[in-house]
Amino acid sequence: METREEFIKRITQRHIEQLDRYNKDYIKVYASQLHILSDFLLGKDISLPPFGGDNYPAYDYLSTILCRNHQFWTTDDKVVKSLIRPISNHSNQFYWIINNFISTKLINYNGINQVDFDTYLAFFKQQGFSDENICDIIINNNSWAIFYEYINQEKKLSPAGKYLLNLLEREEGIFNIFKTNKIANRLNEKALAQNESGFKSLNFQFLLDYYPKALEGLYERYMCIMPDNYNPKRLDHSVILYALDKDAVRFEKEAVNAILSCKSESYQKLAIYFKLDKALPNKYEDDIDTLINEYYTKTCKAENHSHFYGYISENYINTGQHGEPASVAIAKYLLEKDKVKAIPRIEAYISYADFYYPAFPKFLSEYFGQDSLPYLVEAIHKNSKYVENHFHAQVFGIIQQFDFSSIADKLFDYAINHSTKATRELATETLAKLGKQVFSKAKELLSAKNADNRIVGALVLSKLNNEEANEALKNVIDTEKNDDTRDIIIEALNEELYGKQLSLSQIKDLIIKAEKRGKLSKLSEKWIDERDLPAIYWIDDSKLNEIEVRFLFYRMARGKGLNSDTEIRQTMNVIDKTRSGAFAKKLIQAFADSGSNTKFKHYLTTGGQLGGDEVLPTLKSIFTYNMGEKRYKMAEYAVEAMGMIGTNKALRNVEVISRKFASKRPSVSERAIQVLSAAATELNISTDELADRIIPDFEFEGLFKAFDVDGEEYRAFISSDFTLCFFDEDNKLRKSVPKNTNSELKKEFKEIEKEVRDIVKSQSGRLEKYLIEERQWTSEQWQAFFLQNPIMFVYSMKLLWAVFDENHQLKYVFYYHEDTSLYNFSDEEIELEETDKISILHPIYLTPEQINLWKAKIYELDKAPIFPQLDRTVFRVPSEEQEKNYTRIFANQDIPKGADFVASTIEKYGWIKSTGDGGRLELVKKYPKTEIRAYASIEGVYAWYQGGNTKATVHEISFIGKNWQEKVLLKDISPVFFSEVMYDIQRLIDAK
């Protein structure tokens with residue numbers, strides 16, 4: 001850990017550099033003053049330097065050192081005793097520095113224990129601060145932590161809250177006349193000046209709970225938010241509800257007066273009246289009824305919500321600790337009052353409302369049980385553009401909890417006549433759960449004249465997925481003219497009909513049937529003139545005729561997402577790809593001519609399938625161009641096309657894109673990962689195993705490629721610096737190919753050298769990624785990949801390796817020698833066992849002594865690391881933070897190079913940036929093995945450039961699961977992931 005002296009010197013130098021960048025004239029004026037302050041802080045001269053009130057650099061420097069990193073300054077420190085004293089001149093900058101220092105000691109967002117609070121309080125009083133001074137400093141902080149702290153989710157008075165309460169009671173005891181209670185007046189004055197703030201609400205709660213005398217005559221003032229230039233007088237909802245929860249009868253008058261005098265929404269008034277109704281039954285029944293009518297006839301209509309994003313939000317009514325959607329709260333109230341009268345009213349609302357949250361159908365199902373099915377049918381008819389994304393999925397899920405056979409006809413009608421593509425899927429999936437009950441109806445729909453009927457019938461049968469249903473689908477596959485319906489049938493019967501490779505004659509039979517369905521009468525392609533298309537050939541050397549070429553275009557357009565159409569994929573297997581390059585290039589050119597129109601992206605993907613590595617440079621150019629133009633969706637299509645090529649070289653390019661853009665452009669990286677995943681699925685291997693497999697071996701036999709020149713045998717190999725070298729028959733090393741080597745072989749070696757350079761550019765980053773991700777290879781996989789591939793063999797000698805047993809316990813560390821042996825630290829040869837798992841060694845698994853010993857060993861062996869392995873700083877979870885989900889290892893430390901440096905650099909370490917509230921950057925790093933994410937709280941970092949001088953201060957690093965509510969304790973986090981996250985932050989702090 002950094003010492004105080006090191007910290008002061010670092011901050012001093014940083015401030016001087018910042019002044020120099022901002023204004024070189026400042027250096028002459030302020031640099032010497034900063035050094036004087038530095039000496040003062042180091043205790044060399046215990047007297048406060050006499051700087052003027054406008055010396056901002058000096059005050060900023062002092063504030064940074066004292067307040068940002070206050071853990072260095074204790075009550076015993078001479079500097080603190082000299083500086084922390086009362087100042088009457090509030091315009092003096094030292095006044096604010098002193099106040100901030102006191103605030104950091106007495107108010108802590110993460111909690112401060114009573115003993116420390118009392119110690120600091122006694123010290124500040126000893127320094128000459130009165131209770132009134134300290135009270136003002138605490139109140140001016142405006143923090144929720146002034147009054148309360150949460151211990152095991154229980155709200156309790158904080159030490160500062162207890163102190164304020166003690167002052168209130170003491171003031172009253174001294175004067176016995178409430179009006180003279182300065183502390184109470186100060187609290188009210190500060191809170192009411194805030195008008196609309198959390199401080200106002202918390203101050204009200206504090207006084208109401210512990211000192212209600214201070215609120216006499218001010219209740220209605222607290223319950224209202226005063227008008228400003230933009231808003232009229234409004235209800236302070238949270239204050240009123242807290243008062244009513246405390247004593248609804250006592251605060252009835254004030255609450256009602258606030259409603260009458262303030263502008264407010266119907267749901268806010270309902271929350272207040274519901275609270276009053278609990279204490280005073282039926283007194284406000286007419287008012288409540290009027291508000292419910294307003295909600296049921298106006299608020300629930302989309303036309304009254306002109307501005308919404310994604311869906312229309314339903315207002316929550318605070319009926320308990322967390323509140324519930326207005327639709328639920330109102331229904332509960334009505335049913336409780338008079339169930340008979342309530343039901344028709346609720347039924348009308350269910351049908352009439354344009355939106356409500358899924359919680360409402362869920363409540364209906366819980367309250368009415370099986371009888372809720374008609375209401376749930378009404379709910380699925382809600383327009384998708386007004387309700388939450390998963391609204392329909394949740395409602396269909398609720399339907400499936402009951403015996404819903406009675407509404408099967410209504411679900412069929414919905415699927416045919418009222419659904420979207422997504423909700424039709426949900427409806428047919430639900431219907432299929434009825435099994436044989438819906439078979440006859442679904443089969444009947446297959447022969448209907450209307451295409452929507454046939455689509456629904458096909459979907460239900462495909463989801464039944466039994467012999468009877470599949471037979472019904474097979475009977476119509478060759479005659480079904482609607483392609484959407486037929487594609488559903490193809491997908492359902494894919495394994496049965498297309499599980500094996502079709503022969504050329506079977507493909508031609510498909511083409512004849514498509515022609516009979518009227519699909520090949522003409523080529524309707526805007527950017528393709530079939531007269532200009534280059535010839536393309538079947539594997540039997542025959543040329544595709546006009547109808548057969550049209551079939552290609554017909555089926556290639558039916559592909560969806562990353563998956564090409566099943567029938568076009570089968571067709572591609574019987575086309576001679578060695579002669580289809582010109583045809584492929586024509587397709588890619590047509591895509592370019594269309595202005596990269598997404599409607600024609602199948603030109604690109606099919607071009608990739610047909611063109612092989614020959615079209616890879618063109619696709620790479622398209623990708624690079626569209627990334628530069630910020631047309632990221634187009635770039636993704638180019639990535640898909642590379643994946644369609646399917647060669648090792650093409651997939652290697654996709655793998656590089658998946659890593660290179662993981663932070664810079666996550667959507668592009670994600671698409672590349674999906675492409676690799678699709679390719680890996682085809683091969684029944686993981687994407688990591690695919691990335692290993694696509695590293696070429698250049699047809700070397702093991703580590704060498706033998707060849708003859710003038711009757712002498714030579715062996716080519718890749719040297720430790722990744723260059724191509726050669727041995728002659730006498731094992732004499734040559735750095736260039738023998739002079740008389742034939743031109744064809746020379747050309748091959750040049751191609752190998754070029755590809756090796758390309759591969760090496762990406763491999764170091766990939767292997768460091770595997771270090772961080774803790775990837776493991778089986779003994780067999782590791783030996784095959786690293787010891788048999790001429791490129792990876794070189795990497796294997798540059799790294800240290802860790803061997804783990806089945807329980808992930810470290811067995812030993814080894815290095816690999818060029819004599820093809822594995823050695824431990826003592827240079828004893830080791831043998832890998834079949835059950836061993838091998839990883840790139842992370843230093844977290846070694847003690848500091850072991851790290852130093854291995855460093856010396858690596859130096860002795862003259863191994864040049866390809867990335868920092870043993871030199872990366874290791875961080876372990878402090879014992880006192882094991883049970884927390886956050887660490888404060890770097891709390892309040894500044895990043896010397898500032899906020900803009902953080903924003904531009906952290907992506908390089910694998911972090912993802914996103915813009916949060918107010919333009920603040922949210923910084924997240926994901927752990928690939930699980931859904932754990934690290935969240936870095938770094939103050940001052942925003943989405944825009946701030947001129948290079950803005951301060952960046954680290955607060956805490958927290959760890960969460962799938963969502964922000966799922967906290968992950970530090971003790972449960974991978975030691976490697978924790979260490980790497982801390983290492984990233986340390987690199988930001990240490991950057992020069």
# chains A, B, ... in the order shown; residues from 1 in each chain; ligands from 1

call {"tool": "residues_around", "arguments": {"residues": "A:Glu655", "least_positions_apart": "3", "cutoff": "7 Å", "atoms": "only C-alpha atoms", "output": "ChimeraX atom specification"}}
result
/A:651-652,658-659,672,691

call {"tool": "write_last_selection", "arguments": {"atoms": "N, CA, C and O atoms", "output": "mmCIF file, in the first residue's frame"}}
result
data_model
loop_
_atom_site.group_PDB
_atom_site.id
_atom_site.type_symbol
_atom_site.label_atom_id
_atom_site.label_comp_id
_atom_site.auth_asym_id
_atom_site.auth_seq_id
_atom_site.Cartn_x
_atom_site.Cartn_y
_atom_site.Cartn_z
ATOM 1 N N LEU A 651 -12.721 -18.021 -40.377
ATOM 2 C CA LEU A 651 -13.161 -18.071 -38.986
ATOM 3 C C LEU A 651 -12.132 -17.440 -38.054
ATOM 4 O O LEU A 651 -12.490 -16.884 -37.017
ATOM 5 N N ARG A 652 -10.857 -17.507 -38.453
ATOM 6 C CA ARG A 652 -9.828 -16.846 -37.641
ATOM 7 C C ARG A 652 -10.041 -15.334 -37.653
ATOM 8 O O ARG A 652 -9.863 -14.650 -36.635
ATOM 9 N N SER A 658 -14.191 -10.798 -32.791
ATOM 10 C CA SER A 658 -14.935 -11.035 -31.538
ATOM 11 C C SER A 658 -14.189 -10.478 -30.339
ATOM 12 O O SER A 658 -14.809 -10.028 -29.364
ATOM 13 N N ARG A 659 -12.861 -10.499 -30.363
ATOM 14 C CA ARG A 659 -12.078 -9.986 -29.244
ATOM 15 C C ARG A 659 -11.770 -8.500 -29.399
ATOM 16 O O ARG A 659 -11.863 -7.735 -28.445
ATOM 17 N N ALA A 672 -20.027 -11.636 -33.897
ATOM 18 C CA ALA A 672 -18.908 -12.505 -34.252
ATOM 19 C C ALA A 672 -18.907 -13.757 -33.370
ATOM 20 O O ALA A 672 -18.652 -14.870 -33.846
ATOM 21 N N ALA A 691 -11.517 -21.973 -31.845
ATOM 22 C CA ALA A 691 -10.429 -21.001 -32.003
ATOM 23 C C ALA A 691 -9.076 -21.696 -32.036
ATOM 24 O O ALA A 691 -8.163 -21.252 -32.749
#

call {"tool": "select_by_dssp", "arguments": {"residues": "stretch 664-774 of chain A", "states": "alpha helix (DSSP H)", "output": "PyMOL selection string"}}
result
chain A and resi 666-683+687-693+743-773

call {"tool": "write_last_selection", "arguments": {"atoms": "C-alpha atoms", "output": "PDB file, in the first residue's frame"}}
result
ATOM      1  CA  PRO A 666     -20.084  -4.996 -28.152  1.00  0.00           C
ATOM      2  CA  SER A 667     -22.889  -5.633 -30.685  1.00  0.00           C
ATOM      3  CA  VAL A 668     -20.366  -6.416 -33.434  1.00  0.00           C
ATOM      4  CA  SER A 669     -18.323  -8.589 -31.091  1.00  0.00           C
ATOM      5  CA  GLU A 670     -21.467 -10.408 -29.991  1.00  0.00           C
ATOM      6  CA  ARG A 671     -22.406 -11.114 -33.604  1.00  0.00           C
ATOM      7  CA  ALA A 672     -18.908 -12.505 -34.252  1.00  0.00           C
ATOM      8  CA  ILE A 673     -19.269 -14.724 -31.161  1.00  0.00           C
ATOM      9  CA  GLN A 674     -22.620 -15.941 -32.481  1.00  0.00           C
ATOM     10  CA  VAL A 675     -21.009 -16.765 -35.838  1.00  0.00           C
ATOM     11  CA  LEU A 676     -18.261 -18.741 -34.094  1.00  0.00           C
ATOM     12  CA  SER A 677     -20.831 -20.441 -31.891  1.00  0.00           C
ATOM     13  CA  ALA A 678     -22.831 -21.503 -34.949  1.00  0.00           C
ATOM     14  CA  ALA A 679     -19.673 -22.889 -36.576  1.00  0.00           C
ATOM     15  CA  ALA A 680     -18.676 -24.664 -33.355  1.00  0.00           C
ATOM     16  CA  THR A 681     -22.160 -26.155 -33.029  1.00  0.00           C
ATOM     17  CA  GLU A 682     -21.833 -27.607 -36.519  1.00  0.00           C
ATOM     18  CA  LEU A 683     -18.605 -29.297 -35.376  1.00  0.00           C
ATOM     19  CA  THR A 687     -15.988 -21.865 -29.450  1.00  0.00           C
ATOM     20  CA  ASP A 688     -12.651 -21.957 -27.598  1.00  0.00           C
ATOM     21  CA  GLU A 689     -11.878 -25.339 -29.141  1.00  0.00           C
ATOM     22  CA  LEU A 690     -12.849 -23.921 -32.524  1.00  0.00           C
ATOM     23  CA  ALA A 691     -10.429 -21.001 -32.003  1.00  0.00           C
ATOM     24  CA  ASP A 692      -7.685 -23.572 -31.346  1.00  0.00           C
ATOM     25  CA  ARG A 693      -8.605 -25.639 -34.356  1.00  0.00           C
ATOM     26  CA  SER A 743       9.671 -20.764 -57.312  1.00  0.00           C
ATOM     27  CA  GLU A 744       6.430 -22.495 -56.343  1.00  0.00           C
ATOM     28  CA  LEU A 745       7.857 -23.566 -52.973  1.00  0.00           C
ATOM     29  CA  LYS A 746       9.366 -20.113 -52.400  1.00  0.00           C
ATOM     30  CA  LYS A 747       5.949 -18.612 -53.001  1.00  0.00           C
ATOM     31  CA  GLU A 748       4.419 -21.067 -50.514  1.00  0.00           C
ATOM     32  CA  PHE A 749       6.973 -20.110 -47.848  1.00  0.00           C
ATOM     33  CA  LYS A 750       6.282 -16.414 -48.420  1.00  0.00           C
ATOM     34  CA  GLU A 751       2.568 -17.067 -47.927  1.00  0.00           C
ATOM     35  CA  ILE A 752       3.334 -18.983 -44.717  1.00  0.00           C
ATOM     36  CA  GLU A 753       5.483 -16.116 -43.415  1.00  0.00           C
ATOM     37  CA  LYS A 754       2.725 -13.616 -44.179  1.00  0.00           C
ATOM     38  CA  GLU A 755       0.063 -15.717 -42.473  1.00  0.00           C
ATOM     39  CA  VAL A 756       2.272 -16.336 -39.436  1.00  0.00           C
ATOM     40  CA  ARG A 757       2.657 -12.564 -39.004  1.00  0.00           C
ATOM     41  CA  ASP A 758      -1.117 -12.134 -39.188  1.00  0.00           C
ATOM     42  CA  ILE A 759      -1.723 -14.910 -36.680  1.00  0.00           C
ATOM     43  CA  VAL A 760       0.855 -13.653 -34.190  1.00  0.00           C
ATOM     44  CA  LYS A 761      -0.829 -10.231 -34.162  1.00  0.00           C
ATOM     45  CA  SER A 762      -3.857 -11.778 -32.509  1.00  0.00           C
ATOM     46  CA  GLN A 763      -2.537 -14.734 -30.511  1.00  0.00           C
ATOM     47  CA  SER A 764      -0.893 -12.866 -27.625  1.00  0.00           C
ATOM     48  CA  GLY A 765      -4.165 -11.105 -26.878  1.00  0.00           C
ATOM     49  CA  ARG A 766      -6.091 -14.360 -27.170  1.00  0.00           C
ATOM     50  CA  LEU A 767      -3.786 -16.193 -24.776  1.00  0.00           C
ATOM     51  CA  GLU A 768      -3.863 -13.350 -22.234  1.00  0.00           C
ATOM     52  CA  LYS A 769      -7.656 -13.522 -22.470  1.00  0.00           C
ATOM     53  CA  TYR A 770      -7.427 -17.232 -21.631  1.00  0.00           C
ATOM     54  CA  LEU A 771      -5.226 -16.403 -18.626  1.00  0.00           C
ATOM     55  CA  ILE A 772      -7.902 -14.019 -17.313  1.00  0.00           C
ATOM     56  CA  GLU A 773     -10.773 -16.396 -18.122  1.00  0.00           C
TER      57      GLU A 773
END

call {"tool": "residues_around", "arguments": {"residues": "stretch 179-189 of chain A", "least_positions_apart": "3", "cutoff": "6 Å", "atoms": "only C-alpha atoms", "output": "number ranges by chain"}}
result
A: 168, 171, 192, 214

call {"tool": "residues_around", "arguments": {"residues": "A:Ile511", "least_positions_apart": "5", "cutoff": "10 Å", "atoms": "only C-alpha atoms", "output": "list of chain:residue names"}}
result
A:Ser505, A:Gln506, A:Lys516, A:Arg517, A:Lys519, A:Leu520, A:Ile547, A:Glu548, A:Val549, A:Arg550, A:Phe551, A:Leu552, A:Glu567, A:Thr571

call {"tool": "write_last_selection", "arguments": {"atoms": "C-alpha atoms", "output": "compact mmCIF listing (two decimals), in the first residue's frame"}}
result
# COMPACT_ATOMS: atom_id res chain seq x y z
CA SER A 505 -30.60 -35.89 -58.01
CA GLN A 506 -32.55 -35.21 -54.80
CA LYS A 516 -44.47 -26.67 -59.91
CA ARG A 517 -45.39 -24.45 -56.97
CA LYS A 519 -41.74 -20.16 -57.49
CA LEU A 520 -39.29 -20.15 -60.41
CA ILE A 547 -34.38 -22.59 -63.53
CA GLU A 548 -31.72 -24.03 -61.23
CA VAL A 549 -30.06 -20.60 -60.80
CA ARG A 550 -33.45 -19.10 -59.96
CA PHE A 551 -33.87 -21.79 -57.31
CA LEU A 552 -30.63 -20.57 -55.71
CA GLU A 567 -32.49 -26.27 -48.70
CA THR A 571 -27.76 -27.26 -52.46

call {"tool": "closest_residue", "arguments": {"among": "A:Ser796, A:Thr104, A:Ser266, A:Gln126", "to": "A:His817", "atoms": "only C-alpha atoms"}}
result
A:Ser796

call {"tool": "closest_residue", "arguments": {"among": "A:Lys577, A:Lys263, A:His602, A:Arg345", "to": "A:Phe553", "atoms": "only C-alpha atoms"}}
result
A:His602

call {"tool": "select_by_dssp", "arguments": {"residues": "stretch 30-241 of chain A", "states": "strand (DSSP E)", "output": "PyMOL selection string"}}
result
chain A and resi 148-151+154-157+224-225+234-235

call {"tool": "residues_around", "arguments": {"residues": "stretch 353-358 of chain A", "least_positions_apart": "6", "cutoff": "9 Å", "atoms": "only C-alpha atoms", "output": "PDB file with N, CA, C and O atoms, in the first residue's frame"}}
result
ATOM      1  N   TYR A 296     -59.816   4.750 -14.844  1.00  0.00           N
ATOM      2  CA  TYR A 296     -60.407   3.701 -15.680  1.00  0.00           C
ATOM      3  C   TYR A 296     -60.865   4.198 -17.049  1.00  0.00           C
ATOM      4  O   TYR A 296     -61.089   3.389 -17.950  1.00  0.00           O
ATOM      5  N   THR A 297     -61.048   5.500 -17.208  1.00  0.00           N
ATOM      6  CA  THR A 297     -61.574   6.010 -18.482  1.00  0.00           C
ATOM      7  C   THR A 297     -60.583   6.885 -19.249  1.00  0.00           C
ATOM      8  O   THR A 297     -60.707   7.034 -20.461  1.00  0.00           O
ATOM      9  N   LYS A 298     -59.614   7.470 -18.554  1.00  0.00           N
ATOM     10  CA  LYS A 298     -58.678   8.385 -19.233  1.00  0.00           C
ATOM     11  C   LYS A 298     -57.225   7.937 -19.114  1.00  0.00           C
ATOM     12  O   LYS A 298     -56.543   7.763 -20.115  1.00  0.00           O
ATOM     13  N   THR A 299     -56.778   7.765 -17.889  1.00  0.00           N
ATOM     14  CA  THR A 299     -55.358   7.453 -17.672  1.00  0.00           C
ATOM     15  C   THR A 299     -54.949   6.166 -18.372  1.00  0.00           C
ATOM     16  O   THR A 299     -53.810   6.032 -18.825  1.00  0.00           O
ATOM     17  N   CYS A 300     -55.868   5.232 -18.501  1.00  0.00           N
ATOM     18  CA  CYS A 300     -55.528   3.917 -19.059  1.00  0.00           C
ATOM     19  C   CYS A 300     -55.486   3.891 -20.586  1.00  0.00           C
ATOM     20  O   CYS A 300     -55.206   2.847 -21.176  1.00  0.00           O
ATOM     21  N   LYS A 301     -55.749   5.021 -21.239  1.00  0.00           N
ATOM     22  CA  LYS A 301     -55.769   5.065 -22.708  1.00  0.00           C
ATOM     23  C   LYS A 301     -54.448   5.617 -23.251  1.00  0.00           C
ATOM     24  O   LYS A 301     -53.905   6.603 -22.748  1.00  0.00           O
ATOM     25  N   ALA A 302     -53.944   4.983 -24.298  1.00  0.00           N
ATOM     26  CA  ALA A 302     -52.659   5.373 -24.884  1.00  0.00           C
ATOM     27  C   ALA A 302     -52.680   6.795 -25.413  1.00  0.00           C
ATOM     28  O   ALA A 302     -51.665   7.492 -25.394  1.00  0.00           O
ATOM     29  N   TYR A 311     -42.652   1.306 -24.060  1.00  0.00           N
ATOM     30  CA  TYR A 311     -43.979   0.917 -23.585  1.00  0.00           C
ATOM     31  C   TYR A 311     -44.474   2.017 -22.653  1.00  0.00           C
ATOM     32  O   TYR A 311     -43.706   2.884 -22.236  1.00  0.00           O
ATOM     33  N   ILE A 312     -45.753   1.966 -22.330  1.00  0.00           N
ATOM     34  CA  ILE A 312     -46.328   2.972 -21.429  1.00  0.00           C
ATOM     35  C   ILE A 312     -46.217   2.457 -20.006  1.00  0.00           C
ATOM     36  O   ILE A 312     -46.664   1.346 -19.691  1.00  0.00           O
ATOM     37  N   SER A 313     -45.625   3.257 -19.153  1.00  0.00           N
ATOM     38  CA  SER A 313     -45.445   2.859 -17.757  1.00  0.00           C
ATOM     39  C   SER A 313     -46.741   3.062 -16.987  1.00  0.00           C
ATOM     40  O   SER A 313     -47.445   4.057 -17.182  1.00  0.00           O
ATOM     41  N   GLU A 314     -47.040   2.120 -16.128  1.00  0.00           N
ATOM     42  CA  GLU A 314     -48.202   2.257 -15.249  1.00  0.00           C
ATOM     43  C   GLU A 314     -47.734   2.838 -13.918  1.00  0.00           C
ATOM     44  O   GLU A 314     -46.669   2.471 -13.407  1.00  0.00           O
ATOM     45  N   PRO A 325     -48.733  -1.656  -8.830  1.00  0.00           N
ATOM     46  CA  PRO A 325     -49.328  -0.919  -9.950  1.00  0.00           C
ATOM     47  C   PRO A 325     -50.744  -0.467  -9.624  1.00  0.00           C
ATOM     48  O   PRO A 325     -51.488  -1.153  -8.909  1.00  0.00           O
ATOM     49  N   ALA A 326     -51.113   0.692 -10.171  1.00  0.00           N
ATOM     50  CA  ALA A 326     -52.437   1.250  -9.892  1.00  0.00           C
ATOM     51  C   ALA A 326     -53.540   0.269 -10.240  1.00  0.00           C
ATOM     52  O   ALA A 326     -54.545   0.162  -9.531  1.00  0.00           O
ATOM     53  N   SER A 327     -53.394  -0.473 -11.363  1.00  0.00           N
ATOM     54  CA  SER A 327     -54.420  -1.429 -11.769  1.00  0.00           C
ATOM     55  C   SER A 327     -54.675  -2.459 -10.668  1.00  0.00           C
ATOM     56  O   SER A 327     -55.827  -2.823 -10.394  1.00  0.00           O
ATOM     57  N   VAL A 328     -53.621  -2.917 -10.020  1.00  0.00           N
ATOM     58  CA  VAL A 328     -53.761  -3.925  -8.960  1.00  0.00           C
ATOM     59  C   VAL A 328     -54.338  -3.290  -7.698  1.00  0.00           C
ATOM     60  O   VAL A 328     -55.268  -3.830  -7.081  1.00  0.00           O
ATOM     61  N   ALA A 379     -56.420  -9.830 -21.994  1.00  0.00           N
ATOM     62  CA  ALA A 379     -55.089  -9.258 -21.774  1.00  0.00           C
ATOM     63  C   ALA A 379     -54.153  -9.516 -22.947  1.00  0.00           C
ATOM     64  O   ALA A 379     -53.369  -8.639 -23.318  1.00  0.00           O
ATOM     65  N   LYS A 382     -53.812  -6.997 -25.897  1.00  0.00           N
ATOM     66  CA  LYS A 382     -53.222  -5.665 -25.772  1.00  0.00           C
ATOM     67  C   LYS A 382     -52.128  -5.477 -26.819  1.00  0.00           C
ATOM     68  O   LYS A 382     -51.350  -6.391 -27.090  1.00  0.00           O
ATOM     69  N   ASN A 383     -52.072  -4.271 -27.355  1.00  0.00           N
ATOM     70  CA  ASN A 383     -51.113  -3.945 -28.414  1.00  0.00           C
ATOM     71  C   ASN A 383     -49.682  -3.998 -27.868  1.00  0.00           C
ATOM     72  O   ASN A 383     -49.370  -3.373 -26.856  1.00  0.00           O
ATOM     73  N   TYR A 386     -47.646  -0.917 -26.623  1.00  0.00           N
ATOM     74  CA  TYR A 386     -48.002  -0.183 -25.410  1.00  0.00           C
ATOM     75  C   TYR A 386     -47.590  -0.891 -24.122  1.00  0.00           C
ATOM     76  O   TYR A 386     -47.561  -0.273 -23.055  1.00  0.00           O
ATOM     77  N   VAL A 387     -47.319  -2.204 -24.198  1.00  0.00           N
ATOM     78  CA  VAL A 387     -47.049  -2.968 -22.979  1.00  0.00           C
ATOM     79  C   VAL A 387     -45.585  -3.397 -22.928  1.00  0.00           C
ATOM     80  O   VAL A 387     -44.868  -3.344 -23.920  1.00  0.00           O
ATOM     81  N   GLU A 388     -45.150  -3.835 -21.743  1.00  0.00           N
ATOM     82  CA  GLU A 388     -43.769  -4.270 -21.550  1.00  0.00           C
ATOM     83  C   GLU A 388     -43.394  -5.378 -22.528  1.00  0.00           C
ATOM     84  O   GLU A 388     -44.244  -6.145 -22.984  1.00  0.00           O
ATOM     85  N   HIS A 390     -42.083  -8.291 -22.248  1.00  0.00           N
ATOM     86  CA  HIS A 390     -42.420  -9.685 -21.923  1.00  0.00           C
ATOM     87  C   HIS A 390     -43.847  -9.833 -21.402  1.00  0.00           C
ATOM     88  O   HIS A 390     -44.177 -10.860 -20.801  1.00  0.00           O
ATOM     89  N   PHE A 391     -44.672  -8.834 -21.649  1.00  0.00           N
ATOM     90  CA  PHE A 391     -46.052  -8.868 -21.154  1.00  0.00           C
ATOM     91  C   PHE A 391     -46.790 -10.114 -21.663  1.00  0.00           C
ATOM     92  O   PHE A 391     -47.358 -10.885 -20.884  1.00  0.00           O
ATOM     93  N   HIS A 392     -46.775 -10.317 -22.976  1.00  0.00           N
ATOM     94  CA  HIS A 392     -47.545 -11.433 -23.544  1.00  0.00           C
ATOM     95  C   HIS A 392     -46.987 -12.784 -23.116  1.00  0.00           C
ATOM     96  O   HIS A 392     -47.748 -13.722 -22.850  1.00  0.00           O
ATOM     97  N   GLN A 394     -45.582 -13.455 -20.314  1.00  0.00           N
ATOM     98  CA  GLN A 394     -45.995 -13.699 -18.934  1.00  0.00           C
ATOM     99  C   GLN A 394     -47.469 -14.076 -18.849  1.00  0.00           C
ATOM    100  O   GLN A 394     -47.847 -14.952 -18.069  1.00  0.00           O
ATOM    101  N   VAL A 395     -48.306 -13.418 -19.660  1.00  0.00           N
ATOM    102  CA  VAL A 395     -49.743 -13.736 -19.621  1.00  0.00           C
ATOM    103  C   VAL A 395     -49.985 -15.149 -20.139  1.00  0.00           C
ATOM    104  O   VAL A 395     -50.759 -15.914 -19.553  1.00  0.00           O
TER     105      VAL A 395
END

call {"tool": "closest_residue", "arguments": {"among": "A:Ser580, A:Ser406, A:Gln400, A:Asn229", "to": "A:Ser365", "atoms": "only C-alpha atoms"}}
result
A:Gln400

call {"tool": "residues_around", "arguments": {"residues": "A:Asn475", "least_positions_apart": "2", "cutoff": "12 Å", "atoms": "only C-alpha atoms", "output": "list in words"}}
result
Lys443, Leu446, Ser447, Ala458, Glu468, Ala469, Asn470, Glu471, Ala472, Leu473, Ile477, Asp478, Thr479, Glu480, Arg486, Ile489 and Leu493 of chain A

call {"tool": "residues_around", "arguments": {"residues": "stretch 604-607 of chain A", "least_positions_apart": "6", "cutoff": "8 Å", "atoms": "only C-alpha atoms", "output": "list in words"}}
result
Met556, Phe583, Ala584, Lys585, Leu587, Ile588, Phe591, Val615, Tyr637, Ala638, Glu640, Ala641, Met642 and Met644 of chain A

call {"tool": "decode", "arguments": {"residues": "stretch 588-600 of chain A", "atoms": "C-alpha atoms", "output": "compact mmCIF listing (two decimals), in the first residue's frame"}}
result
# COMPACT_ATOMS: atom_id res chain seq x y z
CA ILE A 588 -21.19 -9.38 -53.36
CA GLN A 589 -20.98 -6.64 -56.00
CA ALA A 590 -24.78 -6.64 -56.27
CA PHE A 591 -24.99 -6.12 -52.52
CA ALA A 592 -22.63 -3.14 -52.83
CA ASP A 593 -24.66 -1.76 -55.76
CA SER A 594 -27.79 -1.90 -53.61
CA GLY A 595 -26.17 0.55 -51.21
CA SER A 596 -25.69 -2.32 -48.75
CA ASN A 597 -29.46 -2.61 -48.44
CA THR A 598 -30.39 -5.00 -45.64
CA LYS A 599 -33.06 -6.57 -47.85
CA PHE A 600 -30.28 -8.07 -49.93
